$ cat protein_32.cif   # mmCIF, C-alpha atoms
data_run
#
loop_
_atom_site.label_atom_id
_atom_site.label_comp_id
_atom_site.auth_asym_id
_atom_site.auth_seq_id
_atom_site.Cartn_x
_atom_site.Cartn_y
_atom_site.Cartn_z
CA MET O 223 14.66 -20.60 12.47
CA ARG O 224 11.66 -18.59 13.66
CA ASP O 225 13.84 -15.46 13.66
CA HIS O 226 14.56 -16.02 9.96
CA TRP O 227 10.86 -15.84 9.08
CA ARG O 228 10.24 -12.95 11.45
CA ASN O 229 13.22 -11.01 10.11
CA SER O 230 11.92 -11.20 6.55
CA ILE O 231 8.99 -9.11 7.81
CA LEU O 232 10.87 -6.96 10.33
CA CYS O 233 13.58 -6.01 7.84
CA ASN O 234 10.89 -4.75 5.50
CA TRP O 235 8.76 -2.98 8.10
CA SER O 236 9.02 0.50 6.56
CA TYR O 237 8.44 -0.92 3.07
CA LEU O 238 5.34 -2.73 4.30
CA LYS O 239 4.02 0.34 6.12
CA GLU O 240 4.18 2.20 2.81
CA ASN O 241 2.99 -0.53 0.41
CA PHE O 242 0.93 -3.12 2.30
CA ASN O 243 -2.86 -2.78 2.41
CA PRO O 244 -4.50 -5.59 4.41
CA ILE O 245 -8.08 -4.76 3.41
CA ASP O 246 -8.04 -7.12 0.42
CA ILE O 247 -6.66 -10.19 2.23
CA ILE O 248 -7.77 -9.86 5.85
CA ASP O 249 -10.38 -12.63 5.52
CA ASP O 250 -7.76 -15.00 4.09
CA LEU O 251 -5.34 -14.16 6.91
CA LEU O 252 -8.08 -14.81 9.45
CA GLY O 253 -8.91 -18.09 7.72
CA VAL O 254 -5.40 -19.50 8.30
CA GLN O 255 -5.20 -17.98 11.80
CA LEU O 256 -2.46 -15.49 10.98
CA VAL O 257 -4.56 -12.74 12.55
CA ASP O 258 -7.26 -12.79 15.20
CA GLU O 259 -10.78 -11.43 14.90
CA ASP O 260 -9.85 -8.18 16.65
CA ARG O 261 -7.40 -7.36 13.84
CA ALA O 262 -10.01 -8.22 11.23
CA ASP O 263 -12.44 -5.81 12.90
CA ILE O 264 -9.84 -3.02 12.83
CA ILE O 265 -9.76 -3.15 9.03
CA ASN O 266 -13.40 -2.04 8.97
CA ASP O 267 -12.96 0.66 11.60
CA GLU O 268 -13.62 4.05 10.01
CA LYS O 269 -11.33 5.77 12.52
CA VAL O 270 -8.22 3.68 11.80
CA LYS O 271 -5.83 4.81 9.07
CA ARG O 272 -4.06 2.35 6.77
CA ARG O 273 -0.63 2.64 8.42
CA THR O 274 -2.11 1.80 11.82
CA GLN O 275 -3.99 -1.12 10.27
CA VAL O 276 -0.74 -2.36 8.74
CA ASP O 277 1.20 -1.98 11.97
CA LEU O 278 -1.34 -3.87 14.08
CA THR O 279 -1.86 -6.56 11.44
CA LEU O 280 1.86 -7.21 10.97
CA ARG O 281 2.51 -7.41 14.71
CA ASN O 282 -0.23 -10.02 14.92
CA ILE O 283 1.26 -11.96 12.01
CA VAL O 284 4.82 -11.85 13.39
CA ARG O 285 3.67 -13.35 16.68
CA ARG O 286 1.85 -16.17 14.92
CA ILE O 287 4.51 -17.19 12.41
CA ASP O 288 6.28 -19.96 14.31
CA GLN O 289 6.85 -22.53 11.57
CA PRO O 290 7.64 -22.65 7.84
CA LEU O 291 4.05 -23.52 6.92
CA LYS O 292 2.69 -20.31 8.46
CA PHE O 293 5.18 -18.15 6.58
CA SER O 294 4.42 -20.03 3.35
CA GLU O 295 0.71 -19.45 3.88
CA PHE O 296 1.36 -15.73 4.36
CA ILE O 297 3.42 -15.53 1.17
CA SER O 298 0.82 -17.50 -0.78
CA ILE O 299 -1.97 -15.14 0.31
CA LEU O 300 0.15 -12.10 -0.53
CA ARG O 301 1.07 -13.44 -3.94
CA GLN O 302 -2.58 -13.72 -4.94
CA SER O 303 -3.17 -10.02 -4.31
CA ASN O 304 0.23 -8.32 -4.52
CA LYS O 305 3.15 -10.28 -5.93
CA PHE O 306 5.49 -7.31 -5.42
CA ILE O 307 5.25 -7.61 -1.64
CA ALA O 308 5.55 -11.39 -1.75
CA ASP O 309 8.74 -11.09 -3.83
CA GLN O 310 10.14 -8.42 -1.50
CA LEU O 311 9.67 -10.60 1.59
CA GLN O 312 11.41 -13.53 -0.08
CA LYS O 313 14.53 -11.55 -0.97
CA GLU O 314 17.77 -12.20 0.83
CA LYS O 315 18.15 -10.46 4.21
CA THR O 316 18.74 -6.73 4.05
CA TYR O 317 21.09 -6.43 7.03
CA GLU O 318 24.42 -7.86 8.15
CA SER O 319 25.54 -8.13 11.78
CA ASN O 320 28.71 -9.39 13.49
CA GLY O 321 27.30 -8.93 16.97
CA THR O 322 28.73 -5.43 17.37
CA ASN O 323 28.16 -3.51 14.15
CA VAL O 324 25.10 -3.61 11.97
CA LYS O 325 25.15 -2.83 8.27
CA TYR O 326 21.63 -2.17 7.07
CA ILE O 327 21.09 -2.16 3.33
CA VAL O 328 18.18 0.03 2.28
CA GLU O 329 16.54 0.11 -1.12
CA LYS O 330 13.98 2.86 -0.74
CA ALA O 331 12.88 5.81 -2.81
CA ILE O 332 12.86 9.33 -1.40
CA ASP O 333 9.46 10.79 -2.23
CA ASN O 334 9.50 14.41 -3.36
CA GLY O 335 12.93 15.03 -1.86
CA ASP O 336 11.69 14.30 1.68
CA LEU O 337 14.98 13.19 3.25
CA THR O 338 13.65 13.75 6.79
CA ARG O 339 10.93 11.17 6.32
CA PHE O 340 13.41 8.80 4.70
CA ILE O 341 15.71 8.94 7.75
CA ALA O 342 12.76 8.68 10.15
CA ASP O 343 11.56 5.53 8.39
CA ILE O 344 15.00 3.96 8.75
CA PHE O 345 15.13 4.55 12.49
CA GLY O 346 11.53 3.42 12.84
CA ASN O 347 12.42 0.07 11.30
CA GLU O 348 11.72 -2.72 13.78
CA ASN O 349 14.73 -4.79 12.78
CA ILE O 350 17.16 -1.90 13.24
CA LYS O 351 15.73 -1.14 16.68
CA MET O 352 16.24 -4.78 17.60
CA HIS O 353 20.01 -4.33 17.07
CA LEU O 354 20.37 -1.01 18.92
CA SER O 355 21.41 -0.90 22.58
CA PRO O 356 20.36 1.90 24.98
CA GLY O 357 23.19 4.26 25.92
CA LYS O 358 25.37 3.45 22.92
CA LYS O 359 26.26 5.88 20.15
CA TYR O 360 25.88 4.92 16.53
CA ARG O 361 27.24 6.36 13.32
CA VAL O 362 24.89 6.56 10.37
CA SER O 363 26.08 6.54 6.78
CA VAL O 364 23.62 7.21 3.96
CA SER O 365 24.48 6.79 0.30
CA LEU O 366 22.13 8.36 -2.24
CA ARG O 367 21.89 7.70 -5.94
CA SER O 368 19.55 8.90 -8.65
CA THR O 369 17.41 6.30 -10.35
CA ASN O 370 15.94 8.67 -12.94
CA THR O 371 12.48 7.16 -12.47
CA ILE O 372 10.51 10.36 -11.98
CA SER O 373 7.25 9.97 -13.83
CA GLU O 374 5.60 12.86 -15.62
CA SER O 375 2.02 13.72 -14.74
CA LEU O 376 -0.47 13.63 -17.55
CA SER O 377 -0.87 16.98 -19.24
CA GLU O 378 -3.80 19.13 -18.23
CA THR O 379 -4.63 19.25 -21.94
CA LEU O 380 -6.04 15.72 -21.75
CA SER O 381 -9.62 15.70 -22.93
CA GLN O 382 -11.90 15.99 -19.92
CA LYS O 383 -14.81 13.61 -19.85
CA VAL O 384 -16.13 15.08 -16.61
CA ALA O 385 -16.91 18.72 -15.98
CA GLN O 386 -14.55 20.30 -13.46
CA ASP O 387 -17.44 21.46 -11.28
CA ASN O 388 -18.62 17.91 -10.57
CA PRO O 389 -18.77 17.82 -6.73
CA LYS O 390 -17.54 14.22 -6.43
CA LEU O 391 -14.57 14.95 -8.68
CA ARG O 392 -13.77 18.03 -6.62
CA ILE O 393 -13.83 15.97 -3.42
CA ILE O 394 -11.56 13.31 -4.95
CA LYS O 395 -9.11 15.96 -6.16
CA ALA O 396 -9.12 17.70 -2.78
CA ASN O 397 -8.29 14.38 -1.12
CA ARG O 398 -5.45 13.35 -3.44
CA GLU O 399 -2.89 13.40 -0.64
CA MET O 400 -5.12 11.31 1.61
CA LEU O 401 -5.83 8.79 -1.16
CA GLU O 402 -2.13 8.50 -2.00
CA GLU O 403 -1.54 7.58 1.64
CA GLU O 404 -4.54 5.31 2.22
CA TYR O 405 -5.57 3.74 -1.09
CA ASP O 406 -4.22 0.92 -3.23
CA VAL O 407 -5.70 0.59 -6.71
CA LEU O 408 -4.19 -2.85 -7.40
CA PRO O 409 -7.24 -4.88 -6.20
CA LEU O 410 -9.50 -2.78 -8.44
CA LEU O 411 -7.23 -3.15 -11.45
CA ASN O 412 -6.98 -6.90 -10.95
CA ALA O 413 -10.74 -7.27 -10.53
CA VAL O 414 -11.65 -5.21 -13.59
CA ILE O 415 -8.91 -6.29 -16.00
CA ASP O 416 -9.03 -9.99 -15.05
CA GLY O 417 -12.80 -9.96 -14.87
CA SER O 418 -12.80 -11.63 -11.45
CA VAL O 419 -15.68 -9.54 -10.04
CA SER O 420 -19.01 -9.87 -11.84
CA LYS O 421 -20.19 -6.28 -11.27
CA TYR O 422 -17.19 -4.92 -13.17
CA LYS O 423 -18.09 -6.99 -16.20
CA ASN O 424 -20.94 -4.56 -16.83
CA LEU O 425 -18.70 -1.54 -17.42
CA SER O 426 -19.37 0.52 -20.51
CA GLN O 427 -17.22 -0.35 -23.50
CA GLU O 428 -15.47 3.01 -23.14
CA ASP O 429 -14.54 2.49 -19.48
CA ALA O 430 -13.50 -1.10 -20.14
CA SER O 431 -11.24 0.16 -22.93
CA ILE O 432 -9.63 2.71 -20.60
CA PHE O 433 -8.81 -0.03 -18.08
CA ARG O 434 -7.53 -2.38 -20.74
CA ASN O 435 -5.48 0.10 -22.76
CA GLN O 436 -4.46 2.91 -20.40
CA LEU O 437 -4.60 1.52 -16.87
CA SER O 438 -3.34 -2.03 -17.33
CA GLU O 439 0.33 -0.97 -17.30
CA ILE O 440 -0.11 0.43 -13.79
CA ARG O 441 -0.25 -3.15 -12.51
CA LYS O 442 3.46 -3.44 -13.30
CA GLU O 443 4.35 -0.60 -10.90
CA PRO O 444 5.66 -2.18 -7.64
CA GLU O 445 5.16 0.90 -5.40
CA ARG O 446 1.65 1.43 -4.05
CA ARG O 447 1.83 5.23 -3.91
CA LYS O 448 2.99 5.54 -7.52
CA ARG O 449 0.20 3.21 -8.65
CA VAL O 450 -2.37 5.46 -6.99
CA GLN O 451 -0.85 8.60 -8.48
CA GLN O 452 -0.80 7.15 -11.99
CA PHE O 453 -4.33 5.78 -11.66
CA LEU O 454 -5.82 9.07 -10.46
CA ASP O 455 -3.97 11.06 -13.11
CA ILE O 456 -5.76 9.04 -15.78
CA ALA O 457 -9.05 8.30 -14.03
CA GLU O 458 -9.79 11.91 -13.06
CA ALA O 459 -9.50 12.89 -16.71
CA LYS O 460 -11.03 9.89 -18.43
CA ILE O 461 -13.58 8.19 -16.18
CA ASP O 462 -17.00 9.53 -15.24
CA ALA O 463 -16.83 11.05 -11.74
CA ASP O 464 -19.72 8.97 -10.36
CA THR O 465 -18.13 5.78 -11.66
CA LEU O 466 -14.71 6.71 -10.25
CA TRP O 467 -16.36 7.46 -6.90
CA GLU O 468 -17.98 4.02 -6.89
CA PHE O 469 -14.64 2.36 -7.70
CA ILE O 470 -12.95 4.02 -4.71
CA GLU O 471 -15.96 3.35 -2.50
CA ASP O 472 -15.86 -0.37 -3.45
CA THR O 473 -12.13 -0.88 -2.93
CA GLY O 474 -10.96 1.80 -0.49
CA ASN O 475 -10.48 1.23 3.23
CA ALA O 476 -13.18 2.35 5.67
CA PHE O 477 -11.21 5.41 6.77
CA SER O 478 -10.77 6.89 3.28
CA VAL O 479 -14.33 6.11 2.19
CA LYS O 480 -15.75 7.80 5.28
CA LYS O 481 -13.51 10.83 4.70
CA LEU O 482 -14.80 11.22 1.13
CA LYS O 483 -18.43 10.79 2.16
CA ASP O 484 -18.10 13.23 5.05
CA ASP O 485 -16.53 15.84 2.78
CA LEU O 486 -19.28 15.36 0.21
CA GLN O 487 -21.97 15.72 2.86
CA ASN O 488 -20.30 18.80 4.33
CA SER O 489 -20.25 20.35 0.89
CA GLY O 490 -24.05 20.25 0.87
CA ILE O 491 -24.27 17.46 -1.73
CA SER O 492 -25.67 14.05 -0.79
#
$ encode --input "protein_32.cif" --output "C-alpha cells"
Amino acid sequence: MRDHWRNSILCNWSYLKENFNPIDIIDDLLGVQLVDEDRADIINDEKVKRRTQVDLTLRNIVRRIDQPLKFSEFISILRQSNKFIADQLQKEKTYESNGTNVKYIVEKAIDNGDLTRFIADIFGNENIKMHLSPGKKYRVSVSLRSTNTISESLSETLSQKVAQDNPKLRIIKANREMLEEEYDVLPLLNAVIDGSVSKYKNLSQEDASIFRNQLSEIRKEPERRKRVQQFLDIAEAKIDADTLWEFIEDTGNAFSVKKLKDDLQNSGIS
C-alpha cells in the first residue's frame, strides 16, 4: 500500500516541480514530521531556487509517507494552502502497467510552444524512470490537442498608476521571467482577500478594491505560472510600485527576494 501513496506523488512529479511552492507550508510539514529540519532550513536559503526546494522537500516527504495517516496529513496541509495540488494528488493514477509496457497518461500544458521542455519533463518524471530498464529501447507516442486556453495580456493602454521610471517597478519588470519561475501569488491572494493576515487589513481602499474586484478571480486558476502572469499583468499597472514590492518581499521565496534586492542595490537605489 505504501507504493500507492508514493505513486500519487511520483506520478505528479513534473506537475509538482512546476506548481508546488513549499515556502507557505514548510512549518506545518515540519510539525507533522513529514520533513526534517534540514529541509525547512533550505526553504530560507537565498541560494536555493524553488525547483530545487521542491525536489528536496518532496524526496523527504516520499521517504516519510509510510502509512495512510501521513498521506492524509500531507493532503490536509496542502488543501489549506493550495487545493489544486491536493485535488491533483488525489486523482486516479496516471499510468498503467502490465509488467512489460507502460502507458503514461499526461495532462500537461505546453508553455509558449516549448515542446522540448515538455518532453524533457516527461522523461524526468520519477514514476516513469521507475518503470524503465537500462539497455532496453522504448517507443514514445505523444498526442497533442489544443485547449484554446491562451489568455490575453492586459492592454498597455491600461491606466498607469505608477510612473514607468520607478526603479522598483523596473526591477520587477526586468525579473518577470524569474518571478514566473519562482513565485506563487496564491498565499498573498488568500491572505489579502480572506483577511487572514492583520497587516493586509490596513490596505488603502483603492488597493483593497483591486484585490477584491480584479485579482480575486486569479485564485481560480489552477496553474501557478499562469496565476503569477495574470497577477503581475494587473499589479504592475494598478498597484503602487512600493506596495507591490512589499507584497513580493513578504510572500516570495528567499532566492527571488534576494535577486530583486541585489538588482535594486546594483542599480544604485537602496
$ residues_around --input "protein_32.cif" --residues "O:Leu425" --least-positions-apart "4" --cutoff "10 Å" --atoms "only C-alpha atoms" --output "number ranges by chain"
O: 414, 421, 429-431, 465
$ closest_residue --input "protein_32.cif" --among "O:Lys480, O:Lys292, O:Arg261, O:Lys442" --to "O:Leu280" --atoms "all atoms listed in the file"
O:Arg261
$ atom_distance --input "protein_32.cif" --atom1 "atom CA of O:Ala476" --atom2 "atom CA of O:Asn266"
5.5 Å
$ residues_around --input "protein_32.cif" --residues "stretch 401-407 of chain O" --least-positions-apart "5" --cutoff "8 Å" --atoms "all atoms listed in the file" --output "PDB file with C-alpha atoms, in the coordinates of the input"
ATOM      1  CA  GLU O 240       4.180   2.200   2.810  1.00  0.00           C
ATOM      2  CA  ASN O 243      -2.860  -2.780   2.410  1.00  0.00           C
ATOM      3  CA  LYS O 271      -5.830   4.810   9.070  1.00  0.00           C
ATOM      4  CA  ARG O 272      -4.060   2.350   6.770  1.00  0.00           C
ATOM      5  CA  ARG O 273      -0.630   2.640   8.420  1.00  0.00           C
ATOM      6  CA  ARG O 446       1.650   1.430  -4.050  1.00  0.00           C
ATOM      7  CA  ARG O 447       1.830   5.230  -3.910  1.00  0.00           C
ATOM      8  CA  ARG O 449       0.200   3.210  -8.650  1.00  0.00           C
ATOM      9  CA  VAL O 450      -2.370   5.460  -6.990  1.00  0.00           C
ATOM     10  CA  GLN O 451      -0.850   8.600  -8.480  1.00  0.00           C
ATOM     11  CA  PHE O 453      -4.330   5.780 -11.660  1.00  0.00           C
ATOM     12  CA  THR O 473     -12.130  -0.880  -2.930  1.00  0.00           C
ATOM     13  CA  GLY O 474     -10.960   1.800  -0.490  1.00  0.00           C
ATOM     14  CA  ASN O 475     -10.480   1.230   3.230  1.00  0.00           C
ATOM     15  CA  SER O 478     -10.770   6.890   3.280  1.00  0.00           C
TER      16      SER O 478
END
$ closest_residue --input "protein_32.cif" --among "O:Lys481, O:Lys358, O:Lys313, O:Arg286" --to "O:Asn234" --atoms "all atoms listed in the file"
O:Lys313
$ closest_residue --input "protein_32.cif" --among "O:Ile297, O:Leu437, O:Ala413, O:Leu391" --to "O:Ala463" --atoms "all atoms listed in the file"
O:Leu391
$ resolve_selection --input "protein_32.cif" --expression "the PyMOL selection byres ((chain O and resi 289) around 12)" --output "MDAnalysis selection string"
chainID O and resid 223:228 256 283:288 290:296
$ atom_distance --input "protein_32.cif" --atom1 "atom CA of O:Gln275" --atom2 "atom CA of O:Ile245"
8.8 Å
$ closest_residue --input "protein_32.cif" --among "O:Ile432, O:Gln310, O:Asn388, O:Asp246" --to "O:Leu410" --atoms "only C-alpha atoms"
O:Asp246
$ closest_residue --input "protein_32.cif" --among "O:Ser426, O:Asn397, O:Asn229, O:Thr279" --to "O:Asp485" --atoms "only C-alpha atoms"
O:Asn397
$ axis_aligned_box --input "protein_32.cif" --around "stretch 294-300 of chain O" --padding-each-side "8 Å" --output "AutoDock Vina command-line options"
--center_x 1.2 --center_y -16.1 --center_z 1.8 --size_x 22.4 --size_y 23.9 --size_z 21.1
$ closest_residue --input "protein_32.cif" --among "O:Leu232, O:Ala457, O:Lys390, O:Glu428" --to "O:Gly490" --atoms "all atoms listed in the file"
O:Lys390
$ resolve_selection --input "protein_32.cif" --expression "the PyMOL selection byres ((chain O and resi 301-309) around 8)" --output "PyMOL selection string"
chain O and resi 238+241-242+246-247+297-300+310-313+408-409+444
$ decode --input "protein_32.cif" --residues "stretch 418-431 of chain O" --atoms "all heavy atoms" --output "PDB file, in the first residue's frame"
ATOM      1  N   SER O 418      -6.839  37.116   6.350  1.00  0.00           N
ATOM      2  CA  SER O 418      -6.256  36.241   7.363  1.00  0.00           C
ATOM      3  C   SER O 418      -4.954  36.773   7.953  1.00  0.00           C
ATOM      4  O   SER O 418      -4.442  36.227   8.919  1.00  0.00           O
ATOM      5  CB  SER O 418      -6.007  34.848   6.763  1.00  0.00           C
ATOM      6  OG  SER O 418      -5.152  34.940   5.635  1.00  0.00           O
ATOM      7  N   VAL O 419      -4.400  37.830   7.363  1.00  0.00           N
ATOM      8  CA  VAL O 419      -3.167  38.443   7.885  1.00  0.00           C
ATOM      9  C   VAL O 419      -3.467  39.888   8.245  1.00  0.00           C
ATOM     10  O   VAL O 419      -3.896  40.673   7.399  1.00  0.00           O
ATOM     11  CB  VAL O 419      -2.034  38.373   6.838  1.00  0.00           C
ATOM     12  CG1 VAL O 419      -0.775  39.055   7.361  1.00  0.00           C
ATOM     13  CG2 VAL O 419      -1.729  36.915   6.482  1.00  0.00           C
ATOM     14  N   SER O 420      -3.223  40.254   9.488  1.00  0.00           N
ATOM     15  CA  SER O 420      -3.668  41.556  10.003  1.00  0.00           C
ATOM     16  C   SER O 420      -3.064  42.728   9.243  1.00  0.00           C
ATOM     17  O   SER O 420      -3.739  43.740   9.019  1.00  0.00           O
ATOM     18  CB  SER O 420      -3.318  41.665  11.491  1.00  0.00           C
ATOM     19  OG  SER O 420      -1.923  41.517  11.688  1.00  0.00           O
ATOM     20  N   LYS O 421      -1.796  42.621   8.820  1.00  0.00           N
ATOM     21  CA  LYS O 421      -1.158  43.771   8.168  1.00  0.00           C
ATOM     22  C   LYS O 421      -1.848  44.134   6.857  1.00  0.00           C
ATOM     23  O   LYS O 421      -1.834  45.279   6.422  1.00  0.00           O
ATOM     24  CB  LYS O 421       0.330  43.511   7.936  1.00  0.00           C
ATOM     25  CG  LYS O 421       0.652  42.441   6.922  1.00  0.00           C
ATOM     26  CD  LYS O 421       2.164  42.328   6.703  1.00  0.00           C
ATOM     27  CE  LYS O 421       2.720  43.581   6.084  1.00  0.00           C
ATOM     28  NZ  LYS O 421       4.165  43.458   5.781  1.00  0.00           N
ATOM     29  N   TYR O 422      -2.446  43.138   6.195  1.00  0.00           N
ATOM     30  CA  TYR O 422      -3.108  43.406   4.921  1.00  0.00           C
ATOM     31  C   TYR O 422      -4.488  44.024   5.094  1.00  0.00           C
ATOM     32  O   TYR O 422      -5.109  44.454   4.130  1.00  0.00           O
ATOM     33  CB  TYR O 422      -3.191  42.133   4.090  1.00  0.00           C
ATOM     34  CG  TYR O 422      -1.837  41.575   3.697  1.00  0.00           C
ATOM     35  CD1 TYR O 422      -1.575  40.225   3.753  1.00  0.00           C
ATOM     36  CD2 TYR O 422      -0.810  42.417   3.275  1.00  0.00           C
ATOM     37  CE1 TYR O 422      -0.328  39.717   3.403  1.00  0.00           C
ATOM     38  CE2 TYR O 422       0.430  41.930   2.925  1.00  0.00           C
ATOM     39  CZ  TYR O 422       0.666  40.577   2.993  1.00  0.00           C
ATOM     40  OH  TYR O 422       1.901  40.091   2.637  1.00  0.00           O
ATOM     41  N   LYS O 423      -4.954  44.068   6.334  1.00  0.00           N
ATOM     42  CA  LYS O 423      -6.248  44.697   6.586  1.00  0.00           C
ATOM     43  C   LYS O 423      -6.141  46.226   6.535  1.00  0.00           C
ATOM     44  O   LYS O 423      -7.150  46.923   6.517  1.00  0.00           O
ATOM     45  CB  LYS O 423      -6.786  44.247   7.948  1.00  0.00           C
ATOM     46  CG  LYS O 423      -7.122  42.762   8.009  1.00  0.00           C
ATOM     47  CD  LYS O 423      -7.617  42.354   9.380  1.00  0.00           C
ATOM     48  CE  LYS O 423      -7.938  40.871   9.428  1.00  0.00           C
ATOM     49  NZ  LYS O 423      -8.396  40.425  10.768  1.00  0.00           N
ATOM     50  N   ASN O 424      -4.896  46.712   6.522  1.00  0.00           N
ATOM     51  CA  ASN O 424      -4.676  48.160   6.515  1.00  0.00           C
ATOM     52  C   ASN O 424      -4.415  48.706   5.117  1.00  0.00           C
ATOM     53  O   ASN O 424      -3.957  49.839   4.967  1.00  0.00           O
ATOM     54  CB  ASN O 424      -3.489  48.501   7.426  1.00  0.00           C
ATOM     55  CG  ASN O 424      -3.741  48.125   8.874  1.00  0.00           C
ATOM     56  OD1 ASN O 424      -4.850  48.290   9.366  1.00  0.00           O
ATOM     57  ND2 ASN O 424      -2.721  47.613   9.546  1.00  0.00           N
ATOM     58  N   LEU O 425      -4.709  47.920   4.081  1.00  0.00           N
ATOM     59  CA  LEU O 425      -4.530  48.389   2.719  1.00  0.00           C
ATOM     60  C   LEU O 425      -5.451  49.573   2.443  1.00  0.00           C
ATOM     61  O   LEU O 425      -6.521  49.697   3.039  1.00  0.00           O
ATOM     62  CB  LEU O 425      -4.853  47.273   1.719  1.00  0.00           C
ATOM     63  CG  LEU O 425      -3.877  46.098   1.606  1.00  0.00           C
ATOM     64  CD1 LEU O 425      -4.373  45.134   0.531  1.00  0.00           C
ATOM     65  CD2 LEU O 425      -2.484  46.562   1.270  1.00  0.00           C
ATOM     66  N   SER O 426      -5.033  50.432   1.543  1.00  0.00           N
ATOM     67  CA  SER O 426      -5.899  51.537   1.135  1.00  0.00           C
ATOM     68  C   SER O 426      -7.171  50.973   0.511  1.00  0.00           C
ATOM     69  O   SER O 426      -7.185  49.828   0.027  1.00  0.00           O
ATOM     70  CB  SER O 426      -5.178  52.426   0.117  1.00  0.00           C
ATOM     71  OG  SER O 426      -4.990  51.729  -1.109  1.00  0.00           O
ATOM     72  N   GLN O 427      -8.216  51.742   0.532  1.00  0.00           N
ATOM     73  CA  GLN O 427      -9.478  51.295  -0.065  1.00  0.00           C
ATOM     74  C   GLN O 427      -9.306  50.962  -1.538  1.00  0.00           C
ATOM     75  O   GLN O 427      -9.898  50.015  -2.052  1.00  0.00           O
ATOM     76  CB  GLN O 427     -10.550  52.369   0.111  1.00  0.00           C
ATOM     77  CG  GLN O 427     -11.030  52.539   1.541  1.00  0.00           C
ATOM     78  CD  GLN O 427     -12.192  53.506   1.647  1.00  0.00           C
ATOM     79  OE1 GLN O 427     -12.526  54.214   0.699  1.00  0.00           O
ATOM     80  NE2 GLN O 427     -12.816  53.552   2.821  1.00  0.00           N
ATOM     81  N   GLU O 428      -8.445  51.733  -2.220  1.00  0.00           N
ATOM     82  CA  GLU O 428      -8.228  51.504  -3.651  1.00  0.00           C
ATOM     83  C   GLU O 428      -7.543  50.165  -3.897  1.00  0.00           C
ATOM     84  O   GLU O 428      -7.965  49.390  -4.758  1.00  0.00           O
ATOM     85  CB  GLU O 428      -7.385  52.641  -4.240  1.00  0.00           C
ATOM     86  CG  GLU O 428      -7.235  52.560  -5.750  1.00  0.00           C
ATOM     87  CD  GLU O 428      -6.499  53.757  -6.312  1.00  0.00           C
ATOM     88  OE1 GLU O 428      -6.145  54.657  -5.534  1.00  0.00           O
ATOM     89  OE2 GLU O 428      -6.277  53.781  -7.536  1.00  0.00           O
ATOM     90  N   ASP O 429      -6.483  49.878  -3.123  1.00  0.00           N
ATOM     91  CA  ASP O 429      -5.776  48.605  -3.296  1.00  0.00           C
ATOM     92  C   ASP O 429      -6.664  47.430  -2.897  1.00  0.00           C
ATOM     93  O   ASP O 429      -6.661  46.380  -3.551  1.00  0.00           O
ATOM     94  CB  ASP O 429      -4.491  48.588  -2.464  1.00  0.00           C
ATOM     95  CG  ASP O 429      -3.388  49.433  -3.089  1.00  0.00           C
ATOM     96  OD1 ASP O 429      -3.482  49.720  -4.297  1.00  0.00           O
ATOM     97  OD2 ASP O 429      -2.434  49.797  -2.377  1.00  0.00           O
ATOM     98  N   ALA O 430      -7.414  47.601  -1.817  1.00  0.00           N
ATOM     99  CA  ALA O 430      -8.320  46.539  -1.387  1.00  0.00           C
ATOM    100  C   ALA O 430      -9.355  46.246  -2.469  1.00  0.00           C
ATOM    101  O   ALA O 430      -9.711  45.083  -2.708  1.00  0.00           O
ATOM    102  CB  ALA O 430      -9.008  46.933  -0.081  1.00  0.00           C
ATOM    103  N   SER O 431      -9.826  47.302  -3.135  1.00  0.00           N
ATOM    104  CA  SER O 431     -10.799  47.129  -4.218  1.00  0.00           C
ATOM    105  C   SER O 431     -10.187  46.382  -5.397  1.00  0.00           C
ATOM    106  O   SER O 431     -10.846  45.541  -6.017  1.00  0.00           O
ATOM    107  CB  SER O 431     -11.312  48.497  -4.670  1.00  0.00           C
ATOM    108  OG  SER O 431     -12.193  48.362  -5.775  1.00  0.00           O
TER     109      SER O 431
END
